[in-house]
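Structure file query-v2.cif with mmCIF, C-alpha atoms:
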```cif
data_start
#
loop_
_atom_site.label_atom_id
_atom_site.label_comp_id
_atom_site.auth_asym_id
_atom_site.auth_seq_id
_atom_site.Cartn_x
_atom_site.Cartn_y
_atom_site.Cartn_z
CA MET A 1 76.19 81.46 83.56
CA THR A 2 76.00 84.81 81.82
CA GLN A 3 79.09 86.32 80.23
CA ASP A 4 79.71 88.71 83.12
CA ALA A 5 78.82 86.26 85.92
CA VAL A 6 81.63 85.30 88.27
CA LEU A 7 79.43 83.25 90.56
CA GLN A 8 76.53 80.89 89.96
CA VAL A 9 74.49 79.08 92.59
CA ARG A 10 71.97 76.53 91.31
CA GLY A 11 69.36 74.68 93.36
CA VAL A 12 71.47 74.68 96.53
CA SER A 13 70.07 73.24 99.75
CA LYS A 14 71.63 72.64 103.15
CA THR A 15 70.10 70.83 106.09
CA PHE A 16 71.25 70.80 109.69
CA GLY A 17 69.40 68.01 111.46
CA LYS A 18 65.72 68.74 110.85
CA ARG A 19 66.28 72.37 109.95
CA ARG A 20 66.70 73.34 106.30
CA ALA A 21 69.01 76.36 106.28
CA LEU A 22 68.95 76.67 102.46
CA ASP A 23 66.08 75.45 100.33
CA GLY A 24 66.77 75.27 96.61
CA VAL A 25 68.59 78.61 96.37
CA SER A 26 69.66 79.84 92.91
CA LEU A 27 71.61 83.03 92.39
CA ASP A 28 73.89 84.63 89.76
CA VAL A 29 76.33 87.38 90.71
CA ASN A 30 78.00 89.39 87.96
CA LYS A 31 81.50 90.82 87.95
CA GLY A 32 81.66 94.15 89.77
CA GLU A 33 78.35 93.87 91.63
CA MET A 34 77.95 94.83 95.28
CA VAL A 35 75.24 92.60 96.71
CA ALA A 36 73.74 92.65 100.20
CA LEU A 37 72.26 89.49 101.67
CA ILE A 38 69.63 90.35 104.26
CA GLY A 39 66.99 88.48 106.19
CA PRO A 40 66.10 87.50 109.76
CA SER A 41 68.45 85.44 111.91
CA GLY A 42 68.50 81.84 110.73
CA SER A 43 67.37 82.73 107.21
CA GLY A 44 70.45 81.13 105.61
CA LYS A 45 72.62 84.16 104.82
CA SER A 46 75.82 82.94 106.46
CA THR A 47 75.26 79.37 105.32
CA LEU A 48 75.02 80.56 101.73
CA LEU A 49 78.19 82.63 102.03
CA ARG A 50 80.14 79.77 103.62
CA SER A 51 78.89 77.38 100.95
CA ILE A 52 80.08 79.71 98.19
CA ASP A 53 83.58 79.71 99.71
CA GLY A 54 83.57 75.94 100.16
CA LEU A 55 83.70 76.20 103.95
CA GLN A 56 80.33 74.44 104.17
CA THR A 57 79.32 71.46 102.03
CA ILE A 58 75.87 71.59 100.43
CA ASP A 59 73.34 68.76 100.34
CA GLY A 60 73.30 66.26 97.50
CA PRO A 61 72.37 64.94 95.05
CA ASP A 62 71.34 68.22 93.38
CA GLY A 63 72.79 71.69 93.66
CA THR A 64 75.93 73.22 92.22
CA ILE A 65 78.11 76.23 92.94
CA THR A 66 80.39 77.64 90.24
CA ALA A 67 82.98 80.39 90.69
CA PHE A 68 85.01 81.84 87.84
CA GLY A 69 83.71 79.10 85.59
CA THR A 70 84.93 76.32 87.93
CA THR A 71 82.47 74.06 89.73
CA THR A 72 83.44 74.27 93.38
CA GLN A 73 80.59 72.18 94.80
CA ALA A 74 78.32 69.56 93.26
CA ARG A 75 76.38 66.51 94.43
CA GLY A 76 77.04 67.30 98.07
CA LYS A 77 80.83 67.39 97.72
CA VAL A 78 83.43 70.13 97.51
CA GLY A 79 85.14 70.01 94.12
CA ASP A 80 88.82 69.20 93.54
CA LYS A 81 89.44 72.69 92.19
CA VAL A 82 87.85 74.61 95.04
CA ARG A 83 91.29 75.78 96.21
CA ASP A 84 91.97 77.40 92.84
CA ALA A 85 88.75 79.37 93.11
CA ARG A 86 89.21 80.16 96.80
CA ILE A 87 92.54 81.87 96.12
CA ARG A 88 90.53 84.53 94.28
CA ILE A 89 87.86 84.79 96.99
CA GLY A 90 88.53 86.82 100.12
CA PHE A 91 86.41 85.84 103.14
CA ILE A 92 85.86 88.42 105.89
CA ALA A 93 84.21 87.08 109.03
CA GLN A 94 82.30 88.84 111.78
CA GLN A 95 85.03 88.07 114.34
CA PHE A 96 87.87 89.31 112.10
CA ASN A 97 89.82 86.00 112.03
CA LEU A 98 93.17 87.65 112.66
CA VAL A 99 95.86 85.82 114.66
CA GLY A 100 95.93 87.89 117.82
CA ARG A 101 99.54 87.24 118.84
CA LEU A 102 100.88 88.21 115.41
CA SER A 103 101.44 91.75 114.20
CA LEU A 104 98.91 93.43 111.98
CA PHE A 105 101.51 93.45 109.19
CA THR A 106 102.04 89.68 109.44
CA ASN A 107 98.30 89.02 109.44
CA VAL A 108 97.91 91.05 106.27
CA ALA A 109 100.96 89.47 104.62
CA LEU A 110 99.38 86.04 105.20
CA GLY A 111 97.10 86.90 102.32
CA SER A 112 99.98 86.04 99.99
CA LEU A 113 100.27 82.41 101.11
CA GLY A 114 98.52 81.21 97.97
CA ARG A 115 101.43 82.54 95.91
CA ILE A 116 104.52 81.88 98.06
CA SER A 117 105.85 78.76 99.77
CA PHE A 118 104.32 77.76 103.09
CA LEU A 119 107.72 77.71 104.81
CA ARG A 120 108.48 81.29 103.80
CA GLY A 121 105.22 82.32 105.37
CA VAL A 122 105.83 80.31 108.55
CA PHE A 123 109.21 81.95 109.13
CA GLY A 124 108.09 85.40 107.99
CA LEU A 125 110.49 85.44 105.04
CA TRP A 126 108.23 87.67 103.00
CA PRO A 127 109.32 88.60 99.48
CA ASP A 128 109.71 92.33 98.83
CA GLU A 129 106.59 92.18 96.68
CA THR A 130 104.55 90.91 99.63
CA LYS A 131 106.00 93.52 101.99
CA GLN A 132 105.10 96.31 99.60
CA ALA A 133 101.64 94.91 98.94
CA ALA A 134 100.92 94.55 102.67
CA MET A 135 101.92 98.13 103.46
CA GLN A 136 100.02 99.48 100.47
CA ALA A 137 96.92 97.58 101.57
CA LEU A 138 97.22 98.83 105.14
CA HIS A 139 97.59 102.37 103.85
CA ARG A 140 94.58 101.87 101.61
CA VAL A 141 92.34 101.01 104.55
CA GLY A 142 93.87 103.71 106.76
CA ILE A 143 95.73 101.70 109.42
CA SER A 144 99.35 101.56 108.21
CA ASP A 145 100.48 103.30 111.42
CA TYR A 146 99.52 100.15 113.35
CA ALA A 147 101.46 97.70 111.15
CA GLY A 148 103.82 96.57 113.93
CA GLN A 149 101.14 96.26 116.62
CA ARG A 150 99.78 92.91 117.78
CA ALA A 151 96.39 92.27 116.26
CA ASN A 152 94.72 91.56 119.60
CA THR A 153 95.58 95.06 120.85
CA LEU A 154 93.64 96.74 118.06
CA SER A 155 90.03 97.85 118.12
CA GLY A 156 87.39 95.79 116.38
CA GLY A 157 87.13 98.28 113.54
CA GLN A 158 90.91 98.28 113.04
CA GLN A 159 90.98 94.48 113.00
CA GLN A 160 88.19 94.33 110.45
CA ARG A 161 90.04 96.77 108.22
CA GLY A 162 93.07 94.52 108.63
CA ALA A 163 91.01 91.59 107.36
CA ILE A 164 90.06 93.65 104.30
CA ALA A 165 93.72 94.54 103.74
CA ARG A 166 94.59 90.84 103.87
CA ALA A 167 92.05 90.18 101.10
CA LEU A 168 93.73 92.89 99.02
CA VAL A 169 97.13 91.22 99.45
CA GLN A 170 95.44 87.96 98.49
CA ARG A 171 94.45 89.72 95.23
CA ALA A 172 90.89 88.57 95.72
CA LYS A 173 88.44 89.24 92.90
CA ILE A 174 85.41 88.49 95.07
CA ILE A 175 85.03 89.58 98.69
CA LEU A 176 82.57 87.63 100.81
CA ALA A 177 81.89 89.57 104.01
CA ASP A 178 79.83 87.74 106.64
CA GLU A 179 78.28 90.27 109.04
CA PRO A 180 81.45 92.40 108.92
CA VAL A 181 79.96 95.24 110.97
CA ALA A 182 77.77 93.32 113.42
CA SER A 183 80.14 93.78 116.37
CA LEU A 184 81.34 97.29 115.53
CA ASP A 185 80.30 100.68 116.80
CA PRO A 186 78.38 102.85 114.28
CA VAL A 187 81.40 104.95 113.24
CA SER A 188 83.63 101.93 112.66
CA ALA A 189 80.79 100.12 110.89
CA ARG A 190 80.29 102.97 108.44
CA LYS A 191 84.03 103.13 107.76
CA VAL A 192 84.17 99.42 106.93
CA MET A 193 81.16 99.69 104.63
CA GLU A 194 82.69 102.75 102.93
CA ILE A 195 85.91 100.82 102.30
CA LEU A 196 84.02 97.90 100.78
CA ARG A 197 82.05 100.31 98.61
CA GLU A 198 85.25 102.03 97.46
CA LEU A 199 86.86 98.71 96.54
CA ASN A 200 83.78 97.89 94.53
CA ASP A 201 83.64 101.28 92.80
CA LYS A 202 87.34 101.93 92.15
CA ASP A 203 88.81 98.43 91.90
CA GLY A 204 85.82 96.67 90.38
CA LEU A 205 85.83 94.00 93.08
CA THR A 206 82.70 91.92 93.40
CA VAL A 207 81.39 92.20 96.96
CA ILE A 208 78.74 90.05 98.65
CA VAL A 209 78.00 91.12 102.20
CA THR A 210 75.54 89.73 104.73
CA LEU A 211 73.96 92.41 106.89
CA HIS A 212 71.46 92.71 109.71
CA GLN A 213 71.38 96.48 109.19
CA VAL A 214 68.88 96.96 106.38
CA ASP A 215 69.69 100.66 106.12
CA TYR A 216 73.34 99.82 105.39
CA ALA A 217 72.26 97.39 102.69
CA MET A 218 70.14 100.07 101.06
CA ARG A 219 72.76 102.79 101.40
CA TYR A 220 75.86 100.96 100.19
CA CYS A 221 74.68 98.18 97.88
CA ASP A 222 73.20 98.30 94.39
CA ARG A 223 71.44 94.97 94.71
CA VAL A 224 69.75 93.37 97.69
CA VAL A 225 68.91 89.68 98.03
CA ALA A 226 66.62 88.78 100.93
CA LEU A 227 66.32 85.29 102.35
CA LYS A 228 63.62 83.92 104.58
CA ALA A 229 63.53 80.34 105.86
CA GLY A 230 66.24 79.37 103.40
CA LYS A 231 64.53 80.76 100.30
CA ILE A 232 65.15 83.91 98.28
CA VAL A 233 62.10 86.15 98.71
CA TYR A 234 63.47 89.32 97.12
CA ASP A 235 66.21 90.05 94.59
CA GLY A 236 66.43 93.54 93.20
CA PRO A 237 67.40 97.17 93.78
CA PRO A 238 67.20 98.76 97.23
CA ALA A 239 64.38 101.02 96.01
CA GLY A 240 62.13 97.97 95.82
CA LEU A 241 62.38 97.37 99.55
CA GLN A 242 59.44 99.43 100.63
CA LYS A 243 58.06 99.11 104.13
CA PRO A 244 55.43 96.44 103.31
CA LYS A 245 58.07 94.22 101.66
CA LEU A 246 60.40 94.54 104.65
CA ILE A 247 57.58 93.64 107.02
CA GLU A 248 56.86 90.63 104.80
CA ILE A 249 60.52 89.57 105.08
CA TYR A 250 61.07 90.23 108.78
CA GLY A 251 57.58 89.96 110.21
CA PRO A 252 55.24 92.51 111.83
CA GLU A 253 57.77 93.25 114.59
CA PHE A 254 59.92 95.00 112.02
CA GLU A 255 57.53 97.96 112.00
CA ASP A 256 58.37 98.62 115.65
CA VAL A 257 62.06 99.09 114.86
CA PHE A 258 61.70 100.64 111.41
CA TRP A 259 64.36 103.33 111.18
CA GLU A 260 63.55 107.00 110.89
CA GLY A 261 63.56 108.26 107.34
CA ALA A 262 63.14 104.84 105.72
CA PRO A 263 60.99 104.52 102.57
CA GLN A 264 57.32 104.27 103.34
#
```

For the file at hand, write its structure as C-alpha cells.
Amino acid sequence: MTQDAVLQVRGVSKTFGKRRALDGVSLDVNKGEMVALIGPSGSGKSTLLRSIDGLQTIDGPDGTITAFGTTTQARGKVGDKVRDARIRIGFIAQQFNLVGRLSLFTNVALGSLGRISFLRGVFGLWPDETKQAAMQALHRVGISDYAGQRANTLSGGQQQRGAIARALVQRAKIILADEPVASLDPVSARKVMEILRELNDKDGLTVIVTLHQVDYAMRYCDRVVALKAGKIVYDGPPAGLQKPKLIEIYGPEFEDVFWEGAPQ
C-alpha cells in the first residue's frame, strides 16, 4: 500500500454459483480521490463495493482487502477488525436505506451509533454533540427544513441526501456510494453528485461511486475504473474514455445511446 492509500484490494474474486462476479481484481485508492466505477450490468461494480465494506465475503484462499492499514477480508473471511474500519466507511445505497417510519433527523443521528451506546440510540437520547452534528449535516446537504418529517414522506433525492448526511454524522473518511442516482430524476441526480463532489473537494473525503451514467462519471470524478465480466479493463482519467474504449467496455450497442457532446 502506498503512503497515501486508504484502500487496497488485492487479487479479489467472488463467485455466485457458476458466475464469477469478480475475477482477480486489484485496486489501490488514495486518500482524497473521487473514483467512479463503471461498466455494464453484472460487471461486478456493486459486488466490489459491498466487498470493500465487508457486506459481501470474497472467495478464498487468495485475495485481501485492506482499509486504513487494517485487513478487513482475507482467505475468504471477514476480518475481526472489520467493524473498526467500517466505522470510518459510509455506505450509501441505491434505495437510500433510511428507516421510513423514523424522522429524517433520527435517521441522520443514527450515524453516531458507532460512538454512543446502543441504548441511547434506541431511545433517542442523543447527546448534544450528536444533535448539533445531525442538524449541521442536514444543513450541509440542504434539507434541514425537513428534519422532523418521516423519511418515507420525502422524495428520493431528499432521502439520498439524508443518507449522505448520515455518513457525515458517522464521520466517515471514505464514502462508498452504490448507484446513488440510479432511481433519481436528472435534477436530483445532479444535486447528489454535486454534494459528493463538494465533500471530496472541500472535506477531502475519499469517494468511490458506482454509476451507470458514464457522463456523470466523466463530469464529476477524477479517476474512472471500468469493469467488464469481473475484471478491470480501464483505470485512468476520464479523458482516456474515448468512444472506441467505451464501445469496447459496453459493446457495440453503446454507440446507439452515446450521449450528445461526448468525446469522439

Between A:Pro127, A:Pro252, A:Gly44, A:Gly11, single out the one closest to Gln73 of chain A, counting all atoms listed in the file. A:Gly11

Hey, what comes out of the PyMOL selection byres ((chain A and resi 231-235) around 8) on this file? Could you write it as a VMD selection string? chain A and resid 22 to 25 43 to 44 223 to 230 236 to 237 249

Test item: the PyMOL selection byres ((chain A and resi 28) around 9) resolved as a compact mmCIF listing (two decimals) with C-alpha atoms, in the frame of the given file:
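Contents of the output file selection_22.txt:
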```txt
# COMPACT_ATOMS: atom_id res chain seq x y z
CA MET A 1 76.19 81.46 83.56
CA THR A 2 76.00 84.81 81.82
CA ALA A 5 78.82 86.26 85.92
CA VAL A 6 81.63 85.30 88.27
CA LEU A 7 79.43 83.25 90.56
CA GLN A 8 76.53 80.89 89.96
CA VAL A 9 74.49 79.08 92.59
CA ARG A 10 71.97 76.53 91.31
CA SER A 26 69.66 79.84 92.91
CA LEU A 27 71.61 83.03 92.39
CA VAL A 29 76.33 87.38 90.71
CA ASN A 30 78.00 89.39 87.96
```

Proximity to Ala21 of chain A - best of A:Leu48, A:Ala151, A:Val78, A:Ala85, only C-alpha atoms: A:Leu48

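Straight-line separation from atom CA of Asp222 of chain A to atom CA of Ser144 of chain A: 29.8 Å.
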
For Lys202 of chain A, please output as number ranges by chain all residues within 12 Å (counting all atoms listed in the file; exclusion window: fewer than 5 positions along the same chain). A: 32, 140, 194-197

Go through A:Ser51, A:Asn97, A:Thr106, A:Asn200 one by one, measure the shortest atom-to-atom distance of each to Gly79 of chain A using all atoms listed in the file, and give the residue with the smallest value. A:Ser51

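The residues returned by the PyMOL selection byres ((chain A and resi 54) around 8) for this structure are Arg50, Ser51, Ile52, Asp53, Leu55, Gln56, Thr57, Thr72, Gln73, Val78, Val82 and Arg86 of chain A.
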
Of the candidates A:Gln160, A:Leu49, A:Asp59, A:Glu179, which shows the shortest atom-to-atom distance to Gly17 of chain A, using only C-alpha atoms?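 Result for the nearest residue to Gly17 of chain A: A:Asp59.
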
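Nearest residue to Leu168 of chain A among A:Ala137, A:Leu37, A:Leu110, A:Met218 is A:Ala137, counting only C-alpha atoms.
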
Separation of atom CA of Gln95 of chain A from atom CA of Gln213 of chain A in Å: 16.8 Å

Please measure the separation of atom CA of Phe68 of chain A and atom CA of Thr15 of chain A, giving the value in Å to one decimal. 26.0 Å

Which is closest to Ala109 of chain A among A:Ala172, A:Ala167, A:Tyr146, A:Ala182, if we use all atoms listed in the file?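 Smallest distance to Ala109 of chain A is found for A:Ala167.
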
Give me, as number ranges by chain, all polymer residues having an atom no more than 9 Å from Pro180 of chain A, counting only C-alpha atoms and skipping those fewer than 4 positions away in the same chain. A: 92-96, 160, 184, 189, 192-193, 209-211

Please reconstruct the missing atoms of segment 145-158 of chain A (target: N, CA and C atoms) and return them as an mmCIF file, keeping the file's coordinate frame.
```cif
data_model
loop_
_atom_site.group_PDB
_atom_site.id
_atom_site.type_symbol
_atom_site.label_atom_id
_atom_site.label_comp_id
_atom_site.auth_asym_id
_atom_site.auth_seq_id
_atom_site.Cartn_x
_atom_site.Cartn_y
_atom_site.Cartn_z
ATOM 1 N N ASP A 145 99.744 102.904 110.222
ATOM 2 C CA ASP A 145 100.480 103.300 111.420
ATOM 3 C C ASP A 145 100.511 102.205 112.479
ATOM 4 N N TYR A 146 99.620 101.218 112.349
ATOM 5 C CA TYR A 146 99.520 100.150 113.350
ATOM 6 C C TYR A 146 100.159 98.847 112.865
ATOM 7 N N ALA A 147 100.933 98.906 111.785
ATOM 8 C CA ALA A 147 101.460 97.700 111.150
ATOM 9 C C ALA A 147 102.216 96.796 112.116
ATOM 10 N N GLY A 148 103.001 97.376 113.025
ATOM 11 C CA GLY A 148 103.820 96.570 113.930
ATOM 12 C C GLY A 148 103.121 96.159 115.206
ATOM 13 N N GLN A 149 101.866 96.529 115.379
ATOM 14 C CA GLN A 149 101.140 96.260 116.620
ATOM 15 C C GLN A 149 100.480 94.892 116.566
ATOM 16 N N ARG A 150 100.467 94.205 117.721
ATOM 17 C CA ARG A 150 99.780 92.910 117.780
ATOM 18 C C ARG A 150 98.309 93.087 117.467
ATOM 19 N N ALA A 151 97.775 92.147 116.721
ATOM 20 C CA ALA A 151 96.390 92.270 116.260
ATOM 21 C C ALA A 151 95.401 92.335 117.416
ATOM 22 N N ASN A 152 95.690 91.595 118.502
ATOM 23 C CA ASN A 152 94.720 91.560 119.600
ATOM 24 C C ASN A 152 94.732 92.811 120.459
ATOM 25 N N THR A 153 95.595 93.779 120.131
ATOM 26 C CA THR A 153 95.580 95.060 120.850
ATOM 27 C C THR A 153 94.834 96.131 120.071
ATOM 28 N N LEU A 154 94.342 95.776 118.901
ATOM 29 C CA LEU A 154 93.640 96.740 118.060
ATOM 30 C C LEU A 154 92.150 96.717 118.342
ATOM 31 N N SER A 155 91.483 97.797 117.984
ATOM 32 C CA SER A 155 90.030 97.850 118.120
ATOM 33 C C SER A 155 89.382 96.932 117.103
ATOM 34 N N GLY A 156 88.108 96.650 117.317
ATOM 35 C CA GLY A 156 87.390 95.790 116.380
ATOM 36 C C GLY A 156 87.375 96.352 114.971
ATOM 37 N N GLY A 157 87.160 97.664 114.863
ATOM 38 C CA GLY A 157 87.130 98.280 113.540
ATOM 39 C C GLY A 157 88.471 98.198 112.843
ATOM 40 N N GLN A 158 89.566 98.383 113.623
ATOM 41 C CA GLN A 158 90.910 98.280 113.040
ATOM 42 C C GLN A 158 91.186 96.845 112.584
#
```
